[in-house]
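To start, the structure under review is shown below, and the notes come after it.
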Amino acid sequence: MIQRLPVAAALLGALYVAYRAATYGGVKFVLATLIGVIAGFALYHAAFGFTGAWRRIVTEQRGVGLRAQVMLLGLTALIAYPLIGWYGTGAWVHPVGIGMIVGAFLFGMGMQLGGGCGSGTLFTVGGGSSRMVITLSFFIIGSMFGRAHASWWRDLPSFERMSFIREFGVPGALLITFALLAAIWIASTRIERAAHGTLETGRKTGSIVMGPWSPWLGALGLVFVSIATLLVLNRPWGITAAFPFWGAKIADGIGLPITEYSYWKWSENALSRSVFQNTTSIMDFGLMLGALAASGLAGKFAPVWRLNRTEVLTAIAGGLLMGFGARLAYGCNIGAYLGGVASGSIHAWAWALAAFAGSSLVAWWRMPRMGAPVPA
């Protein structure tokens, strides 16, 4: 049964964000808000999360979520590489260094403790998860600390930036990327067949409006979001870069001497800007509101206010680890991994390996013992 209040709140909230954003960036910012809403809607209805898919392949030997991610990455690359290589659309290509590897590993650990990645945290907050509000709060705090220390970590030894598109051209880059993705697909099917004899296909799509969606439809929705972001904002989709900005704005607003810290000394002018001037922020707001609308349409908006000690502690630890790690590692599963793969950057693959290692460590050894909730 549709819950009218969450749906109405989401609609009014999206209109407000779009109106405020339009005063700074016009139609482009309104479109960014809408893209964020679509992202939240797709993420919620498909329950599309990197955290749960990575956990399941390790602990249950089920790979349907991982294969849906392969589909997302492959289709995004297929469209993004020509846009970047032939038409000059913006891309994110970062060096692979010690700081990035450490940050991605910490982020992977935090995913399993916190119960979601960057996008997973936002869409579950929008969908009414009170526990994930704690994760997001400490995600923001961890991001502030990570931002303050990122320069030290990035001064550690690293390799030069490398773009498959620049080195091998669009056809060569696609060939390399598809080969890597095919290896993941094949490995996941072999692991699952060896353990269970058959492959999961994922749940079927119910209603497009009220859900649920299959992981394949969710992946298609996120391909649209990724490419739309490239076309509208001339850059890949990102999420966590807004978090230290939010934290600094809150700290400054309540009178904490945030500008005395080295990073914010030269960024002091940024604190005078509205969050509605920041495209990552308005997309994040839209994402949470899209998830709120989806939860109301599905009749599933039901926040739980009573949390046990373990749930609170793991949410805090996960949020801090993800926030700190994301700033060292150039982002989360969306900005660093999806955005990096969409840019043809080798750093995305190094990020994925390090984050998967950290995620697997916690999934194997800590989550069953701690009794933490199953991540989305």
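Within each chain, counting starts at residue 1; across the structure tokens, chains are named A, B, ... in the order shown, with ligands numbered 1 upward in that order.
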Where does region 138-257 of chain A meet region 330-333 of chain A within 9 Å, residue by residue, with the nearest atom pair and distance in Å to one decimal for each, counting only C-alpha atoms, listed by chain and rising number, as CSV?
```
residue,atom,partner,partner_atom,distance
A:Gly238,CA,A:Gly331,CA,7.4
A:Ile239,CA,A:Cys332,CA,7.4
A:Thr240,CA,A:Gly331,CA,6.0
A:Ala241,CA,A:Gly331,CA,6.9
```
field: Who sits within 8 Å of Arg154 (chain A), only C-alpha atoms, same chain under 6 positions skipped, as a list in words
entry: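 Returned residues: Gly97, Ile98, Gly99, Met100 and Leu328 of chain A.
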Name the residues in contact with region 273-285 of chain A at a cut-off of 6 Å, using only C-alpha atoms, excluding same-chain residues fewer than 5 positions from it; report them as a PDB file with all heavy atoms, in the first residue's frame.
```
ATOM      1  N   ALA A  21      18.893  24.912  -6.067  1.00  0.00           N
ATOM      2  CA  ALA A  21      20.031  24.654  -6.953  1.00  0.00           C
ATOM      3  C   ALA A  21      19.949  25.510  -8.211  1.00  0.00           C
ATOM      4  O   ALA A  21      20.973  25.994  -8.713  1.00  0.00           O
ATOM      5  CB  ALA A  21      20.080  23.170  -7.308  1.00  0.00           C
ATOM      6  N   TYR A  24      21.638  28.861  -8.472  1.00  0.00           N
ATOM      7  CA  TYR A  24      23.093  28.895  -8.635  1.00  0.00           C
ATOM      8  C   TYR A  24      23.567  28.344  -9.974  1.00  0.00           C
ATOM      9  O   TYR A  24      24.558  28.821 -10.526  1.00  0.00           O
ATOM     10  CB  TYR A  24      23.773  28.091  -7.516  1.00  0.00           C
ATOM     11  CG  TYR A  24      23.535  28.643  -6.142  1.00  0.00           C
ATOM     12  CD1 TYR A  24      22.643  28.037  -5.265  1.00  0.00           C
ATOM     13  CD2 TYR A  24      24.189  29.789  -5.714  1.00  0.00           C
ATOM     14  CE1 TYR A  24      22.421  28.544  -3.995  1.00  0.00           C
ATOM     15  CE2 TYR A  24      23.965  30.321  -4.452  1.00  0.00           C
ATOM     16  CZ  TYR A  24      23.081  29.692  -3.598  1.00  0.00           C
ATOM     17  OH  TYR A  24      22.860  30.206  -2.334  1.00  0.00           O
ATOM     18  N   ALA A  32      20.767  17.901 -12.551  1.00  0.00           N
ATOM     19  CA  ALA A  32      21.584  17.121 -11.611  1.00  0.00           C
ATOM     20  C   ALA A  32      20.743  16.620 -10.447  1.00  0.00           C
ATOM     21  O   ALA A  32      20.900  15.477  -9.995  1.00  0.00           O
ATOM     22  CB  ALA A  32      22.754  17.967 -11.098  1.00  0.00           C
ATOM     23  N   THR A  33      19.840  17.460  -9.977  1.00  0.00           N
ATOM     24  CA  THR A  33      18.924  17.039  -8.905  1.00  0.00           C
ATOM     25  C   THR A  33      18.058  15.876  -9.364  1.00  0.00           C
ATOM     26  O   THR A  33      17.885  14.877  -8.652  1.00  0.00           O
ATOM     27  CB  THR A  33      18.024  18.201  -8.474  1.00  0.00           C
ATOM     28  OG1 THR A  33      18.827  19.327  -8.098  1.00  0.00           O
ATOM     29  CG2 THR A  33      17.148  17.803  -7.292  1.00  0.00           C
ATOM     30  N   GLY A  36      19.942  12.646  -9.536  1.00  0.00           N
ATOM     31  CA  GLY A  36      20.092  12.098  -8.195  1.00  0.00           C
ATOM     32  C   GLY A  36      18.836  11.387  -7.722  1.00  0.00           C
ATOM     33  O   GLY A  36      18.910  10.307  -7.121  1.00  0.00           O
ATOM     34  N   ALA A 242      31.206  15.211  -1.213  1.00  0.00           N
ATOM     35  CA  ALA A 242      30.398  16.229  -0.536  1.00  0.00           C
ATOM     36  C   ALA A 242      30.459  16.106   0.979  1.00  0.00           C
ATOM     37  O   ALA A 242      30.192  17.087   1.689  1.00  0.00           O
ATOM     38  CB  ALA A 242      28.942  16.119  -1.001  1.00  0.00           C
TER      39      ALA A 242
END
```
- prompt: Do you have the CA of Ser151 (chain A)-CA of Leu73 (chain A) distance handy?
  reply: 29.3 Å
field: Closest of A:Thr51, A:Arg62, A:Gly85, A:Ala68 to Phe168 (chain A) - atom-to-atom distances counting only C-alpha atoms
entry: A:Gly85
- prompt: Can you list, as a PyMOL selection string, every protein, DNA or RNA residue that comes within 8 Å of Gly323 (chain A) when you count only C-alpha atoms, leaving out same-chain residues fewer than 3 positions away?
  reply: chain A and resi 107+138-144+146+240+319-320+326-327
With only C-alpha atoms as the counted atoms, please give the residues lying no more than 7 Å from Ser343 (chain A), apart from itself and same-chain residues fewer than 3 positions off, as a PDB file with N, CA and C atoms, in the first residue's frame.
```pdb
ATOM      1  N   TYR A  81      33.461   5.582 -22.782  1.00  0.00           N
ATOM      2  CA  TYR A  81      34.781   5.659 -23.422  1.00  0.00           C
ATOM      3  C   TYR A  81      34.760   6.484 -24.712  1.00  0.00           C
ATOM      4  N   ALA A  91      36.984  13.155 -17.234  1.00  0.00           N
ATOM      5  CA  ALA A  91      37.248  11.827 -16.672  1.00  0.00           C
ATOM      6  C   ALA A  91      38.055  11.965 -15.387  1.00  0.00           C
ATOM      7  N   TRP A  92      38.014  10.927 -14.562  1.00  0.00           N
ATOM      8  CA  TRP A  92      38.788  10.896 -13.321  1.00  0.00           C
ATOM      9  C   TRP A  92      39.871   9.829 -13.439  1.00  0.00           C
ATOM     10  N   VAL A  93      41.109  10.264 -13.542  1.00  0.00           N
ATOM     11  CA  VAL A  93      42.248   9.353 -13.628  1.00  0.00           C
ATOM     12  C   VAL A  93      43.208   9.715 -12.499  1.00  0.00           C
ATOM     13  N   GLY A 339      33.212   5.307 -11.239  1.00  0.00           N
ATOM     14  CA  GLY A 339      33.713   6.487 -11.939  1.00  0.00           C
ATOM     15  C   GLY A 339      35.085   6.259 -12.542  1.00  0.00           C
ATOM     16  N   GLY A 340      35.928   5.479 -11.836  1.00  0.00           N
ATOM     17  CA  GLY A 340      37.257   5.182 -12.356  1.00  0.00           C
ATOM     18  C   GLY A 340      37.215   4.258 -13.550  1.00  0.00           C
TER      19      GLY A 340
END
```
task: Check the smallest atom-to-atom distance from each of A:Gln69, A:Ser129, A:Thr229, A:Ser163 to Leu217 (chain A) using only C-alpha atoms, then report the winner.
output: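 The closest residue to Leu217 (chain A) is A:Gln69.
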